[in-house]
Amino acid sequence: MSLFDYLVQHRADVLLRSLQHVGLVVISVSVAVAIGIPLGILITRKPGLKGPVLAIANVIQTVPSLALFGFLLAVPFIGLGARNAIIALVVYSLLPIIRNTYTGVTGVDPAVREAARGMGMTDWQLLRIVELPLAAPVVLAGVRVAAVVAVGIATIAAAIGAGGLGVFIFRGLSMVDNGVIMAGAVPAAVLALLVDGVLHLVERRLDWLGR
């Protein structure tokens with residue numbers, strides 16, 4: 001069966017799986033942002049923590065996704081399903097967000113930082129009013145990378161019952177049907193391109209505002 005024929009005949013299922021995929025990515029990246037940005041800021045204030053935090057994030061990034069999904073299956077109260085997938089996707093999304101937050105904040109011009117301190121700003125005011133707005137394009141670039149990676153890894157989450165577009169890929173593999181495989185692969189690729197494009201536009205907008 002051709003890709004077009006399969007998409008037409010199963011359009012309701014494709015839409016459902018696409019929404020599941022988007023949901024997994026949005027939830028996991030949002031949680032990763034809520035964790036990663038504060039961690040990135042923390043290591044700018046506590047340089048001694050930079051090495052351990054980035055090392056742990058780097059090590060986790062090297063673990064194959066299927067292995068991590070399998071490991072989480074054995075953890076109580078996680079098991080199969082979306083919860084397993086979201087936790088794994090959060091873990092994989094942390095490194096670029098933490099690293100870019102650190103790079104963006106520490107990359108602020110020291111002269112700007114000193115001028116702000118000279119105006120009597122507290123450390124919190126300096127961070128909120130000066131550093132974070134200037135670092136925003138770099139931070140968003142990390143979120144962009146994390147989101148695109150999450151779209152790809154989320155396809156594998158179908159192996160542990162989390163749904164998403166990966167369902168078609170695994171179904172096609174079992175049927176040895178390239179049309180079914182592409183019904184999952186092509187929408188996932190389009191979704192990744194859309195996410196990358198939208199976040200790139202936002203990133204450029206923030207960069208323009210920063211200038």
# chains A, B, ... in the order shown; residues from 1 in each chain; ligands from 1
call {"tool": "closest_atom_pairs", "arguments": {"of": "range 86-157 of chain A", "to": "range 195-205 of chain A", "cutoff": "7 Å", "atoms": "only C-alpha atoms", "output": "tab-separated table"}}
result
residue	atom	partner	partner_atom	distance
A:Pro137	CA	A:Glu203	CA	5.1
A:Leu140	CA	A:Glu203	CA	6.0
A:Ala141	CA	A:Glu203	CA	6.7
A:Arg144	CA	A:Leu199	CA	5.9
A:Val148	CA	A:Asp196	CA	6.4
call {"tool": "residues_around", "arguments": {"residues": "Val112 in chain A", "least_positions_apart": "6", "cutoff": "10 Å", "atoms": "only C-alpha atoms", "output": "number ranges by chain"}}
result
A: 118, 126, 130-131
call {"tool": "write_last_selection", "arguments": {"atoms": "N, CA and C atoms", "output": "mmCIF file, in the first residue's frame"}}
result
data_model
loop_
_atom_site.group_PDB
_atom_site.id
_atom_site.type_symbol
_atom_site.label_atom_id
_atom_site.label_comp_id
_atom_site.auth_asym_id
_atom_site.auth_seq_id
_atom_site.Cartn_x
_atom_site.Cartn_y
_atom_site.Cartn_z
ATOM 1 N N GLY A 118 26.561 48.608 39.136
ATOM 2 C CA GLY A 118 26.831 49.991 39.526
ATOM 3 C C GLY A 118 25.560 50.784 39.769
ATOM 4 N N LEU A 126 19.668 41.627 38.543
ATOM 5 C CA LEU A 126 20.620 41.499 37.443
ATOM 6 C C LEU A 126 20.238 40.336 36.531
ATOM 7 N N VAL A 130 18.597 41.882 33.243
ATOM 8 C CA VAL A 130 19.710 42.030 32.302
ATOM 9 C C VAL A 130 20.125 40.700 31.666
ATOM 10 N N GLU A 131 20.530 39.735 32.494
ATOM 11 C CA GLU A 131 21.156 38.527 31.961
ATOM 12 C C GLU A 131 20.194 37.638 31.173
#
call {"tool": "atom_distance", "arguments": {"atom1": "CA of Ile97 in chain A", "atom2": "CA of Val143 in chain A"}}
result
5.6 Å
call {"tool": "residues_around", "arguments": {"residues": "Leu24 in chain A", "least_positions_apart": "3", "cutoff": "9 Å", "atoms": "only C-alpha atoms", "output": "list in words"}}
result
Leu19, Gln20, His21, Ile27, Ser28, Val29, Ala82, Ala85, Ile86, Leu89, Ala150, Val151, Ala154, Ala162 and Gly164 of chain A
call {"tool": "residues_around", "arguments": {"residues": "Tyr6 in chain A", "least_positions_apart": "6", "cutoff": "12 Å", "atoms": "only C-alpha atoms", "output": "list in words"}}
result
Ala12, Asp13, Val14, Phe168, Gly172, Asp177, Asn178, Gly179, Val180, Ile181, Met182, Ala183 and Gly184 of chain A
call {"tool": "atom_distance", "arguments": {"atom1": "CA of Gly81 in chain A", "atom2": "CA of Gly163 in chain A"}}
result
7.7 Å
call {"tool": "closest_atom_pairs", "arguments": {"of": "range 93-187 of chain A", "to": "range 53-64 of chain A", "cutoff": "8 Å", "atoms": "only C-alpha atoms", "output": "Markdown table"}}
result
| residue | atom | partner | partner_atom | distance |
| --- | --- | --- | --- | --- |
| A:Leu94 | CA | A:Ala57 | CA | 6.8 |
| A:Leu95 | CA | A:Ala57 | CA | 5.3 |
| A:Ile98 | CA | A:Leu54 | CA | 7.7 |
| A:Arg99 | CA | A:Leu54 | CA | 7.3 |
call {"tool": "write_last_selection", "arguments": {"atoms": "N, CA, C and O atoms", "output": "CSV table (one decimal), in the first residue's frame"}}
result
chain,number,residue,atom,x,y,z
A,94,LEU,N,17.4,17.6,28.8
A,94,LEU,CA,18.1,18.4,29.7
A,94,LEU,C,19.4,19.0,29.3
A,94,LEU,O,19.7,20.2,29.5
A,95,LEU,N,20.3,18.2,28.7
A,95,LEU,CA,21.6,18.6,28.3
A,95,LEU,C,21.6,19.9,27.5
A,95,LEU,O,22.3,20.9,27.9
A,98,ILE,N,20.3,23.0,29.7
A,98,ILE,CA,21.3,23.4,30.7
A,98,ILE,C,22.5,24.0,30.1
A,98,ILE,O,22.9,25.1,30.6
A,99,ARG,N,23.1,23.4,29.1
A,99,ARG,CA,24.3,23.9,28.5
A,99,ARG,C,24.1,25.3,27.9
A,99,ARG,O,24.9,26.2,28.1
call {"tool": "atom_distance", "arguments": {"atom1": "CA of Ile129 in chain A", "atom2": "CA of Ala116 in chain A"}}
result
9.2 Å
call {"tool": "residues_around", "arguments": {"residues": "Leu42 in chain A", "least_positions_apart": "3", "cutoff": "12 Å", "atoms": "only C-alpha atoms", "output": "list in words"}}
result
Ile35, Gly36, Ile37, Pro38, Leu39, Arg45, Lys46, Pro47, Gly48, Leu49, Lys50, Val53, Leu54, Ile98, Arg99, Thr101, Tyr102, Val105, Thr106, Trp124 and Leu127 of chain A
call {"tool": "closest_residue", "arguments": {"among": "A:Leu15, A:Ala185, A:Leu80, A:Val22", "to": "Ile160 in chain A", "atoms": "only C-alpha atoms"}}
result
A:Leu80
call {"tool": "select_by_dssp", "arguments": {"residues": "range 60-172 of chain A", "states": "alpha helix (DSSP H)", "output": "short mmCIF file (atom, residue, chain, number, x, y, z; two decimals) with N, CA, C and O atoms, in the first residue's frame"}}
result
data_model
loop_
_atom_site.label_atom_id
_atom_site.label_comp_id
_atom_site.auth_asym_id
_atom_site.auth_seq_id
_atom_site.Cartn_x
_atom_site.Cartn_y
_atom_site.Cartn_z
N ILE A 60 24.02 10.66 30.62
CA ILE A 60 22.65 10.22 30.33
C ILE A 60 22.38 10.30 28.84
O ILE A 60 21.71 9.44 28.26
N GLN A 61 22.93 11.35 28.19
CA GLN A 61 22.70 11.53 26.76
C GLN A 61 23.26 10.39 25.93
O GLN A 61 22.80 10.13 24.83
N THR A 62 24.29 9.72 26.46
CA THR A 62 24.92 8.64 25.69
C THR A 62 24.19 7.30 25.83
O THR A 62 24.49 6.36 25.10
N SER A 65 18.29 5.11 23.74
CA SER A 65 16.92 5.38 24.17
C SER A 65 16.15 4.10 24.55
O SER A 65 15.45 4.07 25.57
N LEU A 66 16.32 3.05 23.76
CA LEU A 66 15.62 1.80 24.10
C LEU A 66 16.09 1.24 25.43
O LEU A 66 15.30 0.69 26.21
N ALA A 67 17.39 1.40 25.71
CA ALA A 67 17.92 0.92 26.99
C ALA A 67 17.33 1.71 28.15
O ALA A 67 16.98 1.13 29.19
N LEU A 68 17.18 3.02 27.96
CA LEU A 68 16.61 3.83 29.03
C LEU A 68 15.14 3.51 29.24
O LEU A 68 14.67 3.38 30.38
N PHE A 69 14.40 3.33 28.14
CA PHE A 69 13.00 2.92 28.27
C PHE A 69 12.90 1.59 29.02
O PHE A 69 12.05 1.40 29.88
N GLY A 70 13.79 0.67 28.68
CA GLY A 70 13.79 -0.65 29.33
C GLY A 70 14.12 -0.55 30.80
O GLY A 70 13.51 -1.23 31.64
N PHE A 71 15.08 0.30 31.14
CA PHE A 71 15.44 0.49 32.55
C PHE A 71 14.27 1.06 33.34
O PHE A 71 13.98 0.62 34.46
N LEU A 72 13.56 2.02 32.75
CA LEU A 72 12.44 2.65 33.46
C LEU A 72 11.27 1.69 33.66
O LEU A 72 10.45 1.89 34.56
N LEU A 73 11.19 0.65 32.82
CA LEU A 73 10.13 -0.34 32.99
C LEU A 73 10.22 -1.02 34.35
O LEU A 73 9.20 -1.43 34.92
N ALA A 82 2.87 6.26 28.65
CA ALA A 82 3.31 7.64 28.44
C ALA A 82 4.22 8.15 29.55
O ALA A 82 5.12 8.94 29.31
N ARG A 83 3.97 7.71 30.78
CA ARG A 83 4.79 8.20 31.90
C ARG A 83 6.26 7.83 31.69
O ARG A 83 7.15 8.65 31.91
N ASN A 84 6.50 6.61 31.27
CA ASN A 84 7.86 6.15 30.97
C ASN A 84 8.48 7.03 29.89
O ASN A 84 9.61 7.51 30.01
N ALA A 85 7.73 7.25 28.81
CA ALA A 85 8.24 8.03 27.68
C ALA A 85 8.55 9.46 28.08
O ALA A 85 9.59 10.01 27.70
N ILE A 86 7.66 10.08 28.85
CA ILE A 86 7.86 11.47 29.25
C ILE A 86 9.11 11.62 30.11
O ILE A 86 9.92 12.55 29.91
N ILE A 87 9.30 10.72 31.06
CA ILE A 87 10.50 10.79 31.91
C ILE A 87 11.76 10.66 31.08
O ILE A 87 12.72 11.43 31.25
N ALA A 88 11.77 9.70 30.15
CA ALA A 88 12.95 9.52 29.30
C ALA A 88 13.19 10.74 28.42
O ALA A 88 14.34 11.19 28.27
N LEU A 89 12.15 11.30 27.85
CA LEU A 89 12.30 12.47 26.99
C LEU A 89 12.78 13.69 27.77
O LEU A 89 13.56 14.49 27.27
N VAL A 90 12.30 13.83 29.00
CA VAL A 90 12.78 14.92 29.86
C VAL A 90 14.29 14.79 30.08
O VAL A 90 15.05 15.76 29.95
N VAL A 91 14.72 13.58 30.40
CA VAL A 91 16.13 13.33 30.66
C VAL A 91 16.98 13.66 29.43
O VAL A 91 18.03 14.31 29.54
N TYR A 92 16.52 13.25 28.24
CA TYR A 92 17.28 13.51 27.02
C TYR A 92 17.27 15.00 26.64
O TYR A 92 18.16 15.46 25.94
N SER A 93 16.26 15.73 27.08
CA SER A 93 16.15 17.15 26.72
C SER A 93 16.96 18.07 27.62
O SER A 93 17.17 19.24 27.27
N LEU A 94 17.42 17.57 28.76
CA LEU A 94 18.06 18.45 29.73
C LEU A 94 19.40 19.02 29.27
O LEU A 94 19.67 20.21 29.49
N LEU A 95 20.25 18.20 28.65
CA LEU A 95 21.61 18.65 28.34
C LEU A 95 21.64 19.92 27.50
O LEU A 95 22.31 20.90 27.90
N PRO A 96 20.99 19.99 26.33
CA PRO A 96 21.09 21.23 25.55
C PRO A 96 20.51 22.44 26.26
O PRO A 96 20.99 23.56 26.09
N ILE A 97 19.47 22.23 27.07
CA ILE A 97 18.86 23.36 27.79
C ILE A 97 19.79 23.87 28.88
O ILE A 97 20.02 25.08 29.01
N ILE A 98 20.35 22.95 29.67
CA ILE A 98 21.27 23.36 30.73
C ILE A 98 22.51 24.04 30.14
O ILE A 98 22.92 25.12 30.58
N ARG A 99 23.08 23.42 29.13
CA ARG A 99 24.33 23.94 28.54
C ARG A 99 24.11 25.30 27.90
O ARG A 99 24.93 26.21 28.08
N ASN A 100 23.02 25.47 27.17
CA ASN A 100 22.79 26.75 26.52
C ASN A 100 22.40 27.85 27.50
O ASN A 100 22.74 29.02 27.29
N THR A 101 21.70 27.47 28.57
CA THR A 101 21.39 28.47 29.60
C THR A 101 22.68 28.97 30.24
O THR A 101 22.87 30.19 30.42
N TYR A 102 23.57 28.04 30.57
CA TYR A 102 24.85 28.43 31.16
C TYR A 102 25.65 29.30 30.19
O TYR A 102 26.18 30.36 30.57
N THR A 103 25.72 28.88 28.93
CA THR A 103 26.48 29.63 27.92
C THR A 103 25.89 31.02 27.70
O THR A 103 26.62 32.01 27.60
N GLY A 104 24.57 31.10 27.64
CA GLY A 104 23.92 32.38 27.40
C GLY A 104 24.12 33.37 28.53
O GLY A 104 24.44 34.53 28.29
N VAL A 105 23.97 32.90 29.76
CA VAL A 105 24.10 33.81 30.91
C VAL A 105 25.55 34.23 31.10
O VAL A 105 25.84 35.41 31.32
N THR A 106 26.48 33.30 31.01
CA THR A 106 27.89 33.65 31.20
C THR A 106 28.44 34.45 30.02
O THR A 106 29.48 35.11 30.14
N PRO A 110 30.58 41.49 30.19
CA PRO A 110 30.91 41.89 31.57
C PRO A 110 30.69 43.37 31.84
O PRO A 110 30.33 43.75 32.97
N ALA A 111 30.88 44.21 30.83
CA ALA A 111 30.68 45.65 31.02
C ALA A 111 29.21 45.95 31.32
O ALA A 111 28.90 46.82 32.16
N VAL A 112 28.32 45.24 30.65
CA VAL A 112 26.88 45.42 30.91
C VAL A 112 26.55 44.96 32.32
O VAL A 112 25.80 45.62 33.04
N ARG A 113 27.14 43.86 32.72
CA ARG A 113 26.90 43.34 34.05
C ARG A 113 27.41 44.31 35.12
O ARG A 113 26.73 44.56 36.12
N GLU A 114 28.58 44.86 34.90
CA GLU A 114 29.15 45.80 35.87
C GLU A 114 28.34 47.09 35.93
O GLU A 114 28.16 47.67 37.00
N ALA A 115 27.84 47.55 34.79
CA ALA A 115 27.01 48.75 34.77
C ALA A 115 25.73 48.52 35.58
O ALA A 115 25.28 49.41 36.32
N ALA A 116 25.16 47.35 35.46
CA ALA A 116 23.95 47.03 36.21
C ALA A 116 24.22 46.99 37.70
O ALA A 116 23.43 47.50 38.50
N ARG A 117 25.35 46.41 38.06
CA ARG A 117 25.71 46.38 39.49
C ARG A 117 25.98 47.79 40.00
O ARG A 117 25.65 48.12 41.14
N GLY A 118 26.56 48.61 39.14
CA GLY A 118 26.83 49.99 39.53
C GLY A 118 25.56 50.78 39.77
O GLY A 118 25.56 51.78 40.51
N ASP A 123 21.52 40.67 42.81
CA ASP A 123 21.83 39.56 41.90
C ASP A 123 20.57 39.08 41.20
O ASP A 123 20.60 38.77 40.00
N TRP A 124 19.44 39.04 41.91
CA TRP A 124 18.19 38.61 41.30
C TRP A 124 17.73 39.60 40.23
O TRP A 124 17.28 39.20 39.15
N GLN A 125 17.84 40.89 40.51
CA GLN A 125 17.47 41.90 39.53
C GLN A 125 18.37 41.84 38.31
O GLN A 125 17.91 41.99 37.17
N LEU A 132 19.04 37.33 31.76
CA LEU A 132 18.11 36.42 31.07
C LEU A 132 17.58 36.99 29.75
O LEU A 132 17.52 36.27 28.75
N PRO A 133 17.18 38.29 29.70
CA PRO A 133 16.74 38.83 28.41
C PRO A 133 17.83 38.76 27.34
O PRO A 133 17.54 38.45 26.18
N LEU A 134 19.08 39.05 27.72
CA LEU A 134 20.17 39.00 26.74
C LEU A 134 20.52 37.57 26.36
O LEU A 134 20.95 37.31 25.23
N ALA A 135 20.35 36.65 27.29
CA ALA A 135 20.68 35.25 27.04
C ALA A 135 19.55 34.49 26.36
O ALA A 135 19.75 33.35 25.91
N ALA A 136 18.37 35.09 26.27
CA ALA A 136 17.18 34.39 25.79
C ALA A 136 17.36 33.70 24.43
O ALA A 136 16.94 32.55 24.27
N PRO A 137 17.98 34.34 23.41
CA PRO A 137 18.14 33.64 22.12
C PRO A 137 18.99 32.37 22.24
O PRO A 137 18.69 31.35 21.61
N VAL A 138 20.03 32.41 23.05
CA VAL A 138 20.89 31.23 23.23
C VAL A 138 20.15 30.15 23.99
O VAL A 138 20.22 28.96 23.65
N VAL A 139 19.40 30.54 25.01
CA VAL A 139 18.60 29.58 25.78
C VAL A 139 17.57 28.92 24.88
O VAL A 139 17.39 27.69 24.90
N LEU A 140 16.90 29.72 24.05
CA LEU A 140 15.88 29.17 23.17
C LEU A 140 16.49 28.23 22.13
O LEU A 140 15.85 27.26 21.72
N ALA A 141 17.72 28.52 21.72
CA ALA A 141 18.39 27.61 20.79
C ALA A 141 18.55 26.22 21.42
O ALA A 141 18.41 25.20 20.74
N GLY A 142 18.83 26.18 22.72
CA GLY A 142 18.92 24.90 23.42
C GLY A 142 17.58 24.21 23.50
O GLY A 142 17.48 22.99 23.32
N VAL A 143 16.52 24.98 23.74
CA VAL A 143 15.17 24.41 23.78
C VAL A 143 14.80 23.87 22.40
O VAL A 143 14.18 22.81 22.28
N ARG A 144 15.21 24.59 21.37
CA ARG A 144 14.94 24.16 19.99
C ARG A 144 15.58 22.81 19.69
O ARG A 144 14.96 21.91 19.14
N VAL A 145 16.85 22.67 20.07
CA VAL A 145 17.55 21.39 19.87
C VAL A 145 16.85 20.28 20.65
O VAL A 145 16.61 19.18 20.14
N ALA A 146 16.50 20.58 21.90
CA ALA A 146 15.84 19.58 22.75
C ALA A 146 14.51 19.14 22.15
O ALA A 146 14.17 17.95 22.17
N ALA A 147 13.75 20.09 21.61
CA ALA A 147 12.43 19.76 21.06
C ALA A 147 12.55 18.88 19.81
O ALA A 147 11.80 17.91 19.65
N VAL A 148 13.50 19.20 18.94
CA VAL A 148 13.68 18.41 17.73
C VAL A 148 14.14 16.99 18.08
O VAL A 148 13.67 16.00 17.50
N VAL A 149 15.07 16.88 19.03
CA VAL A 149 15.53 15.56 19.46
C VAL A 149 14.38 14.78 20.08
O VAL A 149 14.22 13.57 19.84
N ALA A 150 13.55 15.45 20.85
CA ALA A 150 12.41 14.79 21.50
C ALA A 150 11.42 14.25 20.47
O ALA A 150 10.86 13.16 20.66
N VAL A 151 11.21 14.98 19.37
CA VAL A 151 10.31 14.49 18.32
C VAL A 151 10.81 13.17 17.77
O VAL A 151 10.05 12.23 17.54
N GLY A 152 12.13 13.08 17.56
CA GLY A 152 12.70 11.85 17.02
C GLY A 152 12.64 10.69 18.00
O GLY A 152 12.24 9.58 17.64
N ILE A 153 13.03 10.95 19.24
CA ILE A 153 13.07 9.87 20.23
C ILE A 153 11.66 9.40 20.59
O ILE A 153 11.45 8.23 20.90
N ALA A 154 10.69 10.31 20.51
CA ALA A 154 9.31 9.94 20.85
C ALA A 154 8.77 8.85 19.92
O ALA A 154 7.84 8.13 20.31
N GLY A 166 5.31 6.63 16.19
CA GLY A 166 6.13 5.42 16.14
C GLY A 166 5.31 4.16 16.03
O GLY A 166 5.82 3.11 15.60
N VAL A 167 4.03 4.23 16.38
CA VAL A 167 3.14 3.07 16.25
C VAL A 167 3.12 2.57 14.81
O VAL A 167 3.19 1.37 14.54
N PHE A 168 3.05 3.51 13.87
CA PHE A 168 3.03 3.12 12.45
C PHE A 168 4.36 2.52 12.01
O PHE A 168 4.39 1.60 11.19
N ILE A 169 5.44 3.05 12.55
CA ILE A 169 6.77 2.54 12.17
C ILE A 169 6.92 1.09 12.62
O ILE A 169 7.32 0.22 11.84
N PHE A 170 6.57 0.80 13.87
CA PHE A 170 6.68 -0.57 14.38
C PHE A 170 5.66 -1.49 13.71
O PHE A 170 5.95 -2.65 13.45
N ARG A 171 4.48 -0.94 13.42
CA ARG A 171 3.47 -1.74 12.72
C ARG A 171 3.95 -2.09 11.31
O ARG A 171 3.81 -3.23 10.84
N GLY A 172 4.54 -1.13 10.63
CA GLY A 172 5.06 -1.36 9.29
C GLY A 172 6.20 -2.34 9.27
O GLY A 172 6.33 -3.16 8.35
#
